[in-house]
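*Asks:* Below you'll find input37.json; it's JSON, C-alpha atoms and all ligand atoms.
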[["chain", "number", "residue", "atom", "x", "y", "z"],
["A", 1, "MET", "CA", -109.70, -20.62, -46.80],
["A", 2, "ARG", "CA", -108.49, -24.11, -46.01],
["A", 3, "SER", "CA", -105.08, -24.44, -44.39],
["A", 4, "GLY", "CA", -102.87, -27.49, -43.86],
["A", 5, "SER", "CA", -102.18, -30.48, -46.09],
["A", 6, "GLY", "CA", -104.17, -33.60, -46.94],
["A", 7, "PRO", "CA", -106.89, -34.37, -49.44],
["A", 8, "VAL", "CA", -109.55, -31.76, -50.04],
["A", 9, "PRO", "CA", -112.86, -33.18, -48.84],
["A", 10, "THR", "CA", -115.35, -33.47, -51.68],
["A", 11, "PRO", "CA", -119.10, -33.55, -51.20],
["A", 12, "ALA", "CA", -121.00, -36.78, -50.67],
["A", 13, "LEU", "CA", -122.92, -38.13, -53.67],
["A", 14, "ALA", "CA", -126.49, -37.00, -54.13],
["A", 15, "PRO", "CA", -129.06, -39.81, -54.01],
["A", 16, "GLY", "CA", -129.64, -41.62, -57.30],
["A", 17, "LEU", "CA", -128.15, -44.13, -59.69],
["A", 18, "TYR", "CA", -124.56, -43.79, -61.01],
["A", 19, "LEU", "CA", -123.62, -45.89, -64.06],
["A", 20, "ILE", "CA", -119.88, -46.34, -63.86],
["A", 21, "ALA", "CA", -117.62, -47.71, -66.60],
["A", 22, "THR", "CA", -114.66, -49.84, -65.50],
["A", 23, "PRO", "CA", -111.58, -51.17, -67.37],
["A", 24, "ILE", "CA", -111.87, -53.78, -70.16],
["A", 25, "GLY", "CA", -108.40, -55.14, -69.40],
["A", 26, "ASN", "CA", -105.94, -52.45, -68.43],
["A", 27, "LEU", "CA", -106.62, -51.55, -64.80],
["A", 28, "ALA", "CA", -105.33, -48.01, -65.37],
["A", 29, "ASP", "CA", -108.29, -47.29, -67.67],
["A", 30, "ILE", "CA", -110.52, -45.87, -64.98],
["A", 31, "THR", "CA", -111.45, -42.23, -64.59],
["A", 32, "LEU", "CA", -110.78, -40.14, -61.48],
["A", 33, "ARG", "CA", -114.49, -39.54, -61.26],
["A", 34, "ALA", "CA", -115.23, -43.28, -61.38],
["A", 35, "LEU", "CA", -112.84, -43.91, -58.48],
["A", 36, "ASP", "CA", -114.31, -41.02, -56.53],
["A", 37, "HIS", "CA", -117.90, -42.19, -57.02],
["A", 38, "LEU", "CA", -117.11, -45.85, -56.33],
["A", 39, "SER", "CA", -115.58, -44.88, -53.00],
["A", 40, "LYS", "CA", -118.51, -42.64, -52.06],
["A", 41, "ALA", "CA", -121.50, -44.66, -53.22],
["A", 42, "ASP", "CA", -123.56, -46.13, -50.38],
["A", 43, "VAL", "CA", -123.62, -49.39, -52.29],
["A", 44, "VAL", "CA", -122.01, -50.68, -55.50],
["A", 45, "ALA", "CA", -124.23, -53.07, -57.47],
["A", 46, "CYS", "CA", -122.06, -55.39, -59.56],
["A", 47, "GLU", "CA", -122.28, -58.58, -61.61],
["A", 48, "ASP", "CA", -119.68, -60.54, -59.66],
["A", 49, "THR", "CA", -118.62, -59.18, -56.27],
["A", 50, "ARG", "CA", -115.22, -60.96, -56.49],
["A", 51, "VAL", "CA", -114.36, -59.24, -59.79],
["A", 52, "THR", "CA", -115.36, -55.78, -58.54],
["A", 53, "ARG", "CA", -113.62, -56.27, -55.19],
["A", 54, "ARG", "CA", -110.39, -57.07, -57.07],
["A", 55, "LEU", "CA", -110.73, -53.88, -59.12],
["A", 56, "LEU", "CA", -111.43, -51.76, -56.05],
["A", 57, "SER", "CA", -108.57, -53.21, -54.05],
["A", 58, "ALA", "CA", -106.17, -52.63, -56.99],
["A", 59, "HIS", "CA", -107.01, -48.95, -56.53],
["A", 60, "GLY", "CA", -106.89, -49.05, -52.73],
["A", 61, "LEU", "CA", -110.66, -48.65, -52.37],
["A", 62, "ARG", "CA", -113.25, -50.41, -50.26],
["A", 63, "ALA", "CA", -116.96, -50.30, -50.90],
["A", 64, "ARG", "CA", -120.13, -52.01, -49.89],
["A", 65, "LEU", "CA", -120.99, -54.43, -52.71],
["A", 66, "THR", "CA", -124.21, -56.13, -53.68],
["A", 67, "ALA", "CA", -124.82, -58.55, -56.55],
["A", 68, "TYR", "CA", -126.91, -57.41, -59.53],
["A", 69, "HIS", "CA", -126.92, -59.86, -62.42],
["A", 70, "GLU", "CA", -129.37, -61.46, -64.81],
["A", 71, "HIS", "CA", -130.31, -64.20, -62.31],
["A", 72, "ASN", "CA", -131.24, -61.94, -59.36],
["A", 73, "ALA", "CA", -132.12, -58.64, -61.09],
["A", 74, "GLU", "CA", -135.90, -59.03, -60.71],
["A", 75, "ARG", "CA", -135.53, -59.41, -56.93],
["A", 76, "ALA", "CA", -132.65, -56.98, -56.44],
["A", 77, "ARG", "CA", -134.09, -54.08, -58.46],
["A", 78, "PRO", "CA", -136.93, -53.00, -56.13],
["A", 79, "ARG", "CA", -134.53, -53.10, -53.17],
["A", 80, "LEU", "CA", -132.03, -50.84, -54.94],
["A", 81, "ILE", "CA", -134.76, -48.39, -55.92],
["A", 82, "GLU", "CA", -136.03, -48.35, -52.33],
["A", 83, "ARG", "CA", -132.52, -47.50, -51.12],
["A", 84, "MET", "CA", -132.34, -44.57, -53.55],
["A", 85, "LYS", "CA", -135.75, -43.37, -52.38],
["A", 86, "CYS", "CA", -134.35, -43.41, -48.84],
["A", 87, "GLY", "CA", -131.54, -41.05, -49.95],
["A", 88, "GLU", "CA", -128.76, -43.45, -50.95],
["A", 89, "ALA", "CA", -126.37, -43.23, -53.90],
["A", 90, "VAL", "CA", -126.25, -46.54, -55.80],
["A", 91, "ALA", "CA", -123.40, -47.22, -58.23],
["A", 92, "LEU", "CA", -123.82, -49.83, -60.97],
["A", 93, "VAL", "CA", -120.81, -51.48, -62.63],
["A", 94, "ALA", "CA", -120.35, -54.44, -64.98],
["A", 95, "ASP", "CA", -117.50, -56.94, -64.65],
["A", 96, "ALA", "CA", -115.73, -54.92, -67.34],
["A", 97, "GLY", "CA", -116.53, -51.94, -69.53],
["A", 98, "THR", "CA", -119.71, -49.93, -69.67],
["A", 99, "PRO", "CA", -122.75, -51.29, -67.82],
["A", 100, "LEU", "CA", -125.91, -51.91, -69.91],
["A", 101, "ILE", "CA", -123.89, -52.60, -73.09],
["A", 102, "SER", "CA", -124.56, -56.34, -73.43],
["A", 103, "ASP", "CA", -124.59, -56.26, -69.62],
["A", 104, "PRO", "CA", -127.32, -55.80, -66.99],
["A", 105, "GLY", "CA", -128.75, -52.41, -66.07],
["A", 106, "TYR", "CA", -131.24, -51.24, -68.68],
["A", 107, "LYS", "CA", -134.30, -52.10, -66.58],
["A", 108, "LEU", "CA", -132.76, -50.61, -63.46],
["A", 109, "VAL", "CA", -132.26, -47.32, -65.32],
["A", 110, "GLU", "CA", -135.78, -47.45, -66.74],
["A", 111, "GLU", "CA", -137.35, -48.02, -63.33],
["A", 112, "THR", "CA", -135.09, -45.55, -61.52],
["A", 113, "ALA", "CA", -136.05, -42.83, -63.99],
["A", 114, "ALA", "CA", -139.72, -43.81, -63.76],
["A", 115, "ALA", "CA", -139.48, -43.39, -59.97],
["A", 116, "GLY", "CA", -138.34, -39.80, -60.54],
["A", 117, "LEU", "CA", -134.81, -40.44, -59.25],
["A", 118, "PRO", "CA", -131.68, -39.02, -60.92],
["A", 119, "VAL", "CA", -129.58, -41.22, -63.22],
["A", 120, "THR", "CA", -125.98, -40.18, -63.92],
["A", 121, "ALA", "CA", -123.46, -41.69, -66.35],
["A", 122, "VAL", "CA", -119.78, -41.84, -65.46],
["A", 123, "PRO", "CA", -118.44, -42.82, -68.90],
["A", 124, "GLY", "CA", -115.26, -44.69, -69.69],
["A", 125, "PRO", "CA", -114.03, -47.89, -71.38],
["A", 126, "SER", "CA", -116.27, -49.64, -73.88],
["A", 127, "ALA", "CA", -115.08, -52.63, -75.93],
["A", 128, "ALA", "CA", -117.43, -51.72, -78.79],
["A", 129, "LEU", "CA", -116.08, -48.19, -79.15],
["A", 130, "ALA", "CA", -112.45, -49.20, -78.63],
["A", 131, "ALA", "CA", -112.83, -51.77, -81.44],
["A", 132, "LEU", "CA", -114.43, -49.21, -83.75],
["A", 133, "LEU", "CA", -111.54, -46.82, -83.11],
["A", 134, "VAL", "CA", -108.84, -49.29, -84.12],
["A", 135, "SER", "CA", -110.78, -50.96, -86.97],
["A", 136, "GLY", "CA", -109.87, -48.45, -89.64],
["A", 137, "LEU", "CA", -113.50, -48.56, -90.79],
["A", 138, "PRO", "CA", -115.86, -45.59, -91.16],
["A", 139, "SER", "CA", -116.72, -44.18, -87.74],
["A", 140, "ASP", "CA", -119.21, -41.49, -88.77],
["A", 141, "ARG", "CA", -122.18, -43.84, -88.59],
["A", 142, "PHE", "CA", -122.26, -47.19, -86.81],
["A", 143, "LEU", "CA", -124.69, -49.75, -85.43],
["A", 144, "PHE", "CA", -123.84, -51.79, -82.35],
["A", 145, "ALA", "CA", -125.51, -55.19, -82.73],
["A", 146, "GLY", "CA", -124.24, -56.91, -79.54],
["A", 147, "PHE", "CA", -124.08, -60.72, -79.62],
["A", 148, "LEU", "CA", -125.78, -62.53, -82.51],
["A", 149, "PRO", "CA", -128.29, -65.28, -81.62],
["A", 150, "GLY", "CA", -126.69, -68.66, -80.88],
["A", 151, "LYS", "CA", -128.92, -70.71, -83.21],
["A", 152, "ALA", "CA", -127.74, -70.80, -86.83],
["A", 153, "ALA", "CA", -131.07, -69.92, -88.48],
["A", 154, "ALA", "CA", -131.74, -66.98, -86.14],
["A", 155, "ARG", "CA", -128.17, -65.78, -86.63],
["A", 156, "ARG", "CA", -128.46, -65.71, -90.41],
["A", 157, "GLN", "CA", -131.84, -64.03, -90.19],
["A", 158, "ALA", "CA", -130.34, -61.32, -87.96],
["A", 159, "LEU", "CA", -127.45, -60.85, -90.39],
["A", 160, "ALA", "CA", -129.80, -60.65, -93.38],
["A", 161, "GLU", "CA", -131.75, -57.91, -91.57],
["A", 162, "LEU", "CA", -128.54, -55.97, -90.91],
["A", 163, "ALA", "CA", -127.18, -56.40, -94.46],
["A", 164, "PRO", "CA", -128.78, -53.28, -95.96],
["A", 165, "VAL", "CA", -127.97, -50.97, -93.03],
["A", 166, "PRO", "CA", -125.74, -48.20, -94.42],
["A", 167, "ALA", "CA", -123.43, -48.08, -91.42],
["A", 168, "THR", "CA", -120.43, -49.81, -89.89],
["A", 169, "LEU", "CA", -121.61, -52.81, -87.82],
["A", 170, "ILE", "CA", -120.14, -53.81, -84.44],
["A", 171, "PHE", "CA", -120.63, -57.26, -82.90],
["A", 172, "PHE", "CA", -119.46, -58.97, -79.72],
["A", 173, "GLU", "CA", -118.50, -62.61, -80.20],
["A", 174, "SER", "CA", -116.82, -65.32, -78.19],
["A", 175, "THR", "CA", -113.42, -66.22, -79.67],
["A", 176, "ARG", "CA", -114.56, -69.85, -79.70],
["A", 177, "ARG", "CA", -117.18, -69.06, -82.36],
["A", 178, "LEU", "CA", -115.16, -66.49, -84.28],
["A", 179, "ALA", "CA", -114.44, -68.61, -87.39],
["A", 180, "ALA", "CA", -118.02, -69.88, -87.76],
["A", 181, "THR", "CA", -119.52, -66.44, -87.22],
["A", 182, "LEU", "CA", -117.17, -64.79, -89.71],
["A", 183, "ALA", "CA", -118.07, -67.49, -92.26],
["A", 184, "ASP", "CA", -121.79, -66.78, -91.75],
["A", 185, "MET", "CA", -121.12, -63.07, -92.05],
["A", 186, "SER", "CA", -119.15, -63.57, -95.23],
["A", 187, "ALA", "CA", -121.91, -65.72, -96.75],
["A", 188, "THR", "CA", -124.63, -63.21, -95.85],
["A", 189, "LEU", "CA", -122.89, -59.87, -96.23],
["A", 190, "GLY", "CA", -120.36, -60.66, -98.96],
["A", 191, "PRO", "CA", -116.67, -59.73, -98.94],
["A", 192, "ARG", "CA", -116.99, -56.52, -96.95],
["A", 193, "PRO", "CA", -113.96, -54.98, -95.26],
["A", 194, "ALA", "CA", -113.86, -55.90, -91.57],
["A", 195, "ALA", "CA", -111.66, -56.09, -88.49],
["A", 196, "VAL", "CA", -111.36, -58.40, -85.49],
["A", 197, "ALA", "CA", -110.12, -56.49, -82.43],
["A", 198, "ARG", "CA", -108.94, -58.90, -79.75],
["A", 199, "GLU", "CA", -107.68, -58.45, -76.19],
["A", 200, "LEU", "CA", -108.12, -54.67, -76.39],
["A", 201, "THR", "CA", -106.02, -52.74, -73.84],
["A", 202, "LYS", "CA", -104.34, -56.00, -72.73],
["A", 203, "LEU", "CA", -100.82, -57.34, -73.19],
["A", 204, "HIS", "CA", -101.65, -59.37, -76.31],
["A", 205, "GLU", "CA", -103.88, -56.80, -77.99],
["A", 206, "GLU", "CA", -104.25, -57.51, -81.72],
["A", 207, "THR", "CA", -106.29, -56.03, -84.56],
["A", 208, "ARG", "CA", -106.59, -58.12, -87.71],
["A", 209, "ARG", "CA", -108.09, -56.40, -90.75],
["A", 210, "GLY", "CA", -109.30, -57.90, -94.03],
["A", 211, "THR", "CA", -112.41, -58.82, -95.95],
["A", 212, "LEU", "CA", -114.84, -61.12, -94.14],
["A", 213, "ASP", "CA", -113.94, -64.14, -96.28],
["A", 214, "VAL", "CA", -110.21, -63.66, -95.62],
["A", 215, "LEU", "CA", -110.75, -63.24, -91.87],
["A", 216, "ALA", "CA", -113.03, -66.30, -91.78],
["A", 217, "ALA", "CA", -110.38, -68.38, -93.57],
["A", 218, "HIS", "CA", -107.67, -67.13, -91.20],
["A", 219, "TYR", "CA", -109.51, -68.12, -88.00],
["A", 220, "GLN", "CA", -110.67, -71.38, -89.57],
["A", 221, "ALA", "CA", -107.05, -72.32, -90.25],
["A", 222, "ALA", "CA", -105.52, -70.87, -87.06],
["A", 223, "GLY", "CA", -108.18, -72.18, -84.65],
["A", 224, "PRO", "CA", -109.87, -70.15, -81.90],
["A", 225, "PRO", "CA", -107.62, -67.44, -80.48],
["A", 226, "ARG", "CA", -107.44, -66.68, -76.76],
["A", 227, "GLY", "CA", -109.30, -63.95, -74.96],
["A", 228, "GLU", "CA", -112.12, -61.69, -76.05],
["A", 229, "ALA", "CA", -112.93, -60.19, -79.42],
["A", 230, "VAL", "CA", -115.11, -57.68, -81.22],
["A", 231, "ILE", "CA", -115.98, -57.93, -84.93],
["A", 232, "VAL", "CA", -116.36, -54.66, -86.85],
["A", 233, "ILE", "CA", -117.71, -54.68, -90.43],
["A", 234, "GLY", "CA", -117.64, -51.83, -92.92],
["A", 235, "PRO", "CA", -120.87, -50.56, -94.49],
["A", 236, "PRO", "CA", -122.21, -52.05, -97.74],
["A", 237, "ALA", "CA", -120.55, -50.79, -100.91],
["A", 238, "GLU", "CA", -122.17, -47.83, -102.61],
["A", 239, "LYS", "CA", -125.14, -49.13, -104.52],
["A", 240, "THR", "CA", -124.20, -49.78, -108.12],
["A", 241, "ALA", "CA", -126.04, -50.99, -111.17],
["A", 242, "ALA", "CA", -122.76, -52.26, -112.61],
["A", 243, "VAL", "CA", -123.11, -55.81, -111.25],
["A", 244, "ASP", "CA", -122.91, -58.12, -114.21],
["A", 245, "GLY", "CA", -124.74, -61.42, -114.53],
["A", 246, "ASP", "CA", -121.73, -63.59, -113.63],
["A", 247, "ASP", "CA", -121.07, -61.55, -110.49],
["A", 248, "LEU", "CA", -124.69, -61.83, -109.43],
["A", 249, "ASP", "CA", -124.70, -65.58, -110.01],
["A", 250, "ALA", "CA", -121.48, -66.04, -108.03],
["A", 251, "ARG", "CA", -122.79, -64.02, -105.09],
["A", 252, "LEU", "CA", -126.11, -65.90, -105.12],
["A", 253, "ARG", "CA", -124.44, -69.32, -105.28],
["A", 254, "THR", "CA", -122.25, -68.45, -102.28],
["A", 255, "ALA", "CA", -125.14, -67.03, -100.29],
["A", 256, "LEU", "CA", -127.41, -69.98, -101.11],
["A", 257, "THR", "CA", -124.94, -72.51, -99.75],
["A", 258, "THR", "CA", -125.60, -71.37, -96.18],
["A", 259, "ASN", "CA", -128.83, -69.36, -96.33],
["A", 260, "SER", "CA", -132.49, -69.87, -97.07],
["A", 261, "LEU", "CA", -133.62, -68.48, -100.45],
["A", 262, "ARG", "CA", -135.20, -65.50, -98.71],
["A", 263, "ASP", "CA", -132.11, -64.60, -96.65],
["A", 264, "ALA", "CA", -129.76, -65.11, -99.61],
["A", 265, "VAL", "CA", -131.85, -62.80, -101.80],
["A", 266, "ALA", "CA", -132.05, -60.16, -99.07],
["A", 267, "ALA", "CA", -128.30, -60.22, -98.49],
["A", 268, "VAL", "CA", -127.33, -60.15, -102.19],
["A", 269, "ALA", "CA", -129.82, -57.39, -102.98],
["A", 270, "ALA", "CA", -128.44, -55.35, -100.09],
["A", 271, "VAL", "CA", -124.81, -55.77, -101.08],
["A", 272, "THR", "CA", -125.27, -55.20, -104.83],
["A", 273, "GLY", "CA", -128.02, -52.61, -104.71],
["A", 274, "LEU", "CA", -129.96, -54.58, -107.33],
["A", 275, "PRO", "CA", -133.76, -54.69, -107.08],
["A", 276, "ARG", "CA", -134.85, -57.53, -104.82],
["A", 277, "GLN", "CA", -137.30, -58.84, -107.46],
["A", 278, "ARG", "CA", -134.54, -59.23, -110.03],
["A", 279, "VAL", "CA", -132.29, -61.01, -107.52],
["A", 280, "TYR", "CA", -135.17, -63.24, -106.44],
["A", 281, "ALA", "CA", -136.02, -64.19, -110.01],
["A", 282, "ARG", "CA", -132.39, -65.11, -110.73],
["A", 283, "ALA", "CA", -132.08, -67.06, -107.46],
["A", 284, "LEU", "CA", -135.12, -69.14, -108.45],
["A", 285, "GLU", "CA", -133.58, -69.85, -111.85],
["A", 286, "LEU", "CA", -130.31, -70.96, -110.26],
["A", 287, "GLN", "CA", -132.11, -73.17, -107.76],
["A", 288, "LYS", "CA", -134.18, -74.74, -110.54],
["A", 289, "ALA", "CA", -131.10, -75.37, -112.70],
["A", 290, "HIS", "CA", -129.40, -76.95, -109.69],
["A", 291, "THR", "CA", -132.41, -79.20, -108.95],
["A", 292, "ASP", "CA", -132.74, -80.21, -112.63],
["A", 293, "SER", "CA", -129.05, -81.14, -112.84],
["A", 294, "ASP", "CA", -129.41, -83.33, -109.72],
["A", 295, "ALA", "CA", -132.45, -85.15, -111.17],
["A", 301, "LIG", "N1", -120.19, -53.98, -71.27],
["A", 301, "LIG", "C1", -118.90, -54.36, -71.83],
["A", 301, "LIG", "C2", -118.26, -53.16, -72.52],
["A", 301, "LIG", "O1", -118.87, -52.09, -72.56],
["A", 301, "LIG", "O2", -117.12, -53.28, -72.98],
["A", 301, "LIG", "C3", -119.06, -55.55, -72.75],
["A", 301, "LIG", "C4", -119.51, -56.79, -72.03],
["A", 301, "LIG", "S1", -119.91, -58.14, -73.03],
["A", 301, "LIG", "C5", -120.66, -59.21, -71.84],
["A", 301, "LIG", "C6", -118.38, -58.96, -73.26],
["A", 301, "LIG", "C7", -117.89, -58.89, -74.71],
["A", 301, "LIG", "O3", -117.25, -57.64, -74.93],
["A", 301, "LIG", "C8", -116.85, -59.93, -75.05],
["A", 301, "LIG", "O4", -117.45, -61.14, -75.45],
["A", 301, "LIG", "C9", -116.11, -59.28, -76.21],
["A", 301, "LIG", "O5", -116.86, -59.40, -77.39],
["A", 301, "LIG", "C10", -116.14, -57.81, -75.77],
["A", 301, "LIG", "N2", -114.93, -57.47, -75.00],
["A", 301, "LIG", "C11", -114.84, -57.18, -73.69],
["A", 301, "LIG", "N3", -113.57, -56.87, -73.36],
["A", 301, "LIG", "C12", -112.84, -56.95, -74.50],
["A", 301, "LIG", "C13", -111.47, -56.74, -74.80],
["A", 301, "LIG", "N4", -110.59, -56.38, -73.87],
["A", 301, "LIG", "N5", -111.07, -56.91, -76.09],
["A", 301, "LIG", "C14", -111.94, -57.27, -77.04],
["A", 301, "LIG", "N6", -113.25, -57.49, -76.80],
["A", 301, "LIG", "C15", -113.70, -57.33, -75.55]]
Could you write out this structure as structure tokens?
*Replies:*
Amino acid sequence: MRSGSGPVPTPALAPGLYLIATPIGNLADITLRALDHLSKADVVACEDTRVTRRLLSAHGLRARLTAYHEHNAERARPRLIERMKCGEAVALVADAGTPLISDPGYKLVEETAAAGLPVTAVPGPSAALAALLVSGLPSDRFLFAGFLPGKAAARRQALAELAPVPATLIFFESTRRLAATLADMSATLGPRPAAVARELTKLHEETRRGTLDVLAAHYQAAGPPRGEAVIVIGPPAEKTAAVDGDDLDARLRTALTTNSLRDAVAAVAAVTGLPRQRVYARALELQKAHTDSDA
């Protein structure tokens, strides 16, 4: 039996890769196990050594750091795997939140596992999950879609593909593009219930809930807010045959203002539950009427 005071020594980490979640704002959001493993890892691979050093020093820890980010990953990966093969414990962290989730690490995990080395998750903060929790939207089934493509056409195409998915959708977005993205979402997905969760766990945390069109109008009028944000969108309404002709026309006209014919039809069919052929036929009629009236 151990006598005397002082911390109980805990065993060194077994060789392998440890994926460690870190705070997304509030420095206190870090698990005891994360702190333990960060202090014991032979090396901590991180996106930005300055950011991780600040986190460690806030908790009175020191660790050997090495950079692992999208610009050096190809070169750094074999070296990290070699270290694990030689018996070292490698920790991987992102600047904030859970590594691999719109952050580097997927290939390192793939190759570590392929080399027959152990991979261990040390879970914790995740902006996507925190946003889902506060959104007030269904949490039983969700799809995390990360960042949408930057180019407008690719963005709308991605949204049209997601439109029929019967699940809550979660997106990361820069606050600078919030208004434009919400407007695209509203045009493609219709007036679905949604939430923008901003500055989660931080001093100015805010969750704004409303339909996509209302949220888009708010950020358009208010201008880009500060900080970081996640957009959460409720699933499509239950499919219903009770969409009347006027409703269909209104939805198509809105969708056609910012989408190609194909994307508009896909989005409206998904939201209304109407057969795609019927929506397509009506979209063609509306387009023709519009062209004829311009002639
Ligand atoms: N891997 C991280 C995670 O698991 O939380 C996410 C990293 S991703 C590069 C950064 C994006 O996450 C931001 O653009 C924003 O959409 C979201 N994000 C990160 N921290 C946030 C916070 N405190 N509040 C709201 N959104 C946040």
*Asks:* Set out as a Markdown table a contact list for chain A and ligand LIG 301 (chain A) with a cut-off of 8 Å, giving each residue of chain A that qualifies its closest atom pair and distance in Å to one decimal, counting only C-alpha atoms and all ligand atoms, ordered by chain and rising residue number.
*Replies:*
| residue | atom | partner | partner_atom | distance |
| --- | --- | --- | --- | --- |
| A:Ala21 | CA | A:LIG301 | O1 | 7.5 |
| A:Ile24 | CA | A:LIG301 | N4 | 4.7 |
| A:Gly25 | CA | A:LIG301 | N4 | 5.1 |
| A:Ala94 | CA | A:LIG301 | N1 | 6.3 |
| A:Asp95 | CA | A:LIG301 | C4 | 7.7 |
| A:Ala96 | CA | A:LIG301 | C1 | 5.5 |
| A:Gly97 | CA | A:LIG301 | C2 | 3.7 |
| A:Thr98 | CA | A:LIG301 | O1 | 3.7 |
| A:Pro99 | CA | A:LIG301 | N1 | 5.1 |
| A:Leu100 | CA | A:LIG301 | N1 | 6.2 |
| A:Ile101 | CA | A:LIG301 | N1 | 4.3 |
| A:Ser102 | CA | A:LIG301 | S1 | 5.0 |
| A:Asp103 | CA | A:LIG301 | N1 | 5.2 |
| A:Pro125 | CA | A:LIG301 | O2 | 6.4 |
| A:Ser126 | CA | A:LIG301 | O1 | 3.8 |
| A:Ala127 | CA | A:LIG301 | O2 | 3.6 |
| A:Ala128 | CA | A:LIG301 | O2 | 6.0 |
| A:Ala131 | CA | A:LIG301 | C14 | 7.1 |
| A:Gly146 | CA | A:LIG301 | S1 | 7.9 |
| A:Phe147 | CA | A:LIG301 | O5 | 7.7 |
| A:Phe171 | CA | A:LIG301 | O5 | 7.0 |
| A:Phe172 | CA | A:LIG301 | O5 | 3.5 |
| A:Glu173 | CA | A:LIG301 | O5 | 4.6 |
| A:Ser174 | CA | A:LIG301 | O4 | 5.0 |
| A:Thr175 | CA | A:LIG301 | O4 | 7.7 |
| A:Ala197 | CA | A:LIG301 | C14 | 5.7 |
| A:Arg198 | CA | A:LIG301 | C14 | 4.4 |
| A:Glu199 | CA | A:LIG301 | N5 | 3.7 |
| A:Leu200 | CA | A:LIG301 | N5 | 3.7 |
| A:Thr201 | CA | A:LIG301 | N4 | 5.8 |
| A:Lys202 | CA | A:LIG301 | N4 | 6.4 |
| A:Glu205 | CA | A:LIG301 | N5 | 7.4 |
| A:Gly227 | CA | A:LIG301 | N5 | 7.3 |
| A:Glu228 | CA | A:LIG301 | N6 | 4.4 |
| A:Ala229 | CA | A:LIG301 | N6 | 3.8 |
| A:Val230 | CA | A:LIG301 | O5 | 4.5 |
| A:Ile231 | CA | A:LIG301 | O5 | 7.7 |
*Asks:* What is the CA of Ala255 in chain A-CA of Pro224 in chain A distance in Å, reported with one decimal?
*Replies:*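 Straight-line distance from CA of Ala255 in chain A to CA of Pro224 in chain A works out to 24.1 Å.
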*Asks:* Anything within 8 Å of (-115.9, -61.2, -97.4): list those residues as a list in words, counting only C-alpha atoms and sticking to the file's coordinates.
*Replies:* Met185, Ser186, Ala187, Leu189, Gly190, Pro191, Arg192, Pro193, Thr211, Leu212, Asp213, Val214 and Leu215 of chain A
*Asks:* Taking into account all atoms listed in the file, which residue in the set A:Thr207, A:Gln287, A:Thr258, A:Thr181 is nearest to Gly136 in chain A?
*Replies:*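 Of the candidates, the smallest distance to Gly136 in chain A is held by A:Thr207.
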*Asks:* Could you jot down the CA of Pro164 in chain A to CA of Lys288 in chain A separation for me, Å, one decimal place?
*Replies:*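 Between these atoms lies a distance of 26.5 Å.
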*Asks:* Measuring atom to atom with all atoms listed in the file, identify which of A:Leu252, A:Asn72, A:Val134, A:Val122 is nearest to Asp36 in chain A.
*Replies:* A:Val122
*Asks:* Looking at all atoms listed in the file, which of A:Ala114, A:Leu169, A:Val44, A:Ala28 is the one that sits closest to Arg83 in chain A?
*Replies:*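 For Arg83 in chain A, the nearest of the given residues is A:Val44.
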*Asks:* Kindly give the distance, in Å, that separates CA of Ala34 in chain A and CA of Asp140 in chain A, rounded to a single decimal.
*Replies:*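 Result for CA of Ala34 in chain A versus CA of Asp140 in chain A: 27.7 Å, one decimal.
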*Asks:* Would you please work out which residue, of A:Glu74, A:Asp263, A:Asp184, A:Glu82, is nearest to Tyr280 in chain A when using all atoms listed in the file?
*Replies:*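 Looking at the shortest contact to Tyr280 in chain A, the residue is A:Asp263.
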*Asks:* Have a look at A:Ala58, A:Ile81, A:Leu92, A:Val119 and name the one nearest to Leu38 in chain A; count only C-alpha atoms.
*Replies:* A:Leu92
*Asks:* Which of these, A:Ala73, A:Ala283, A:Ala216, A:Leu137, has the shortest distance to Ala250 in chain A once you count all atoms listed in the file?
*Replies:*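 For Ala250 in chain A, the nearest of the candidates is A:Ala283.
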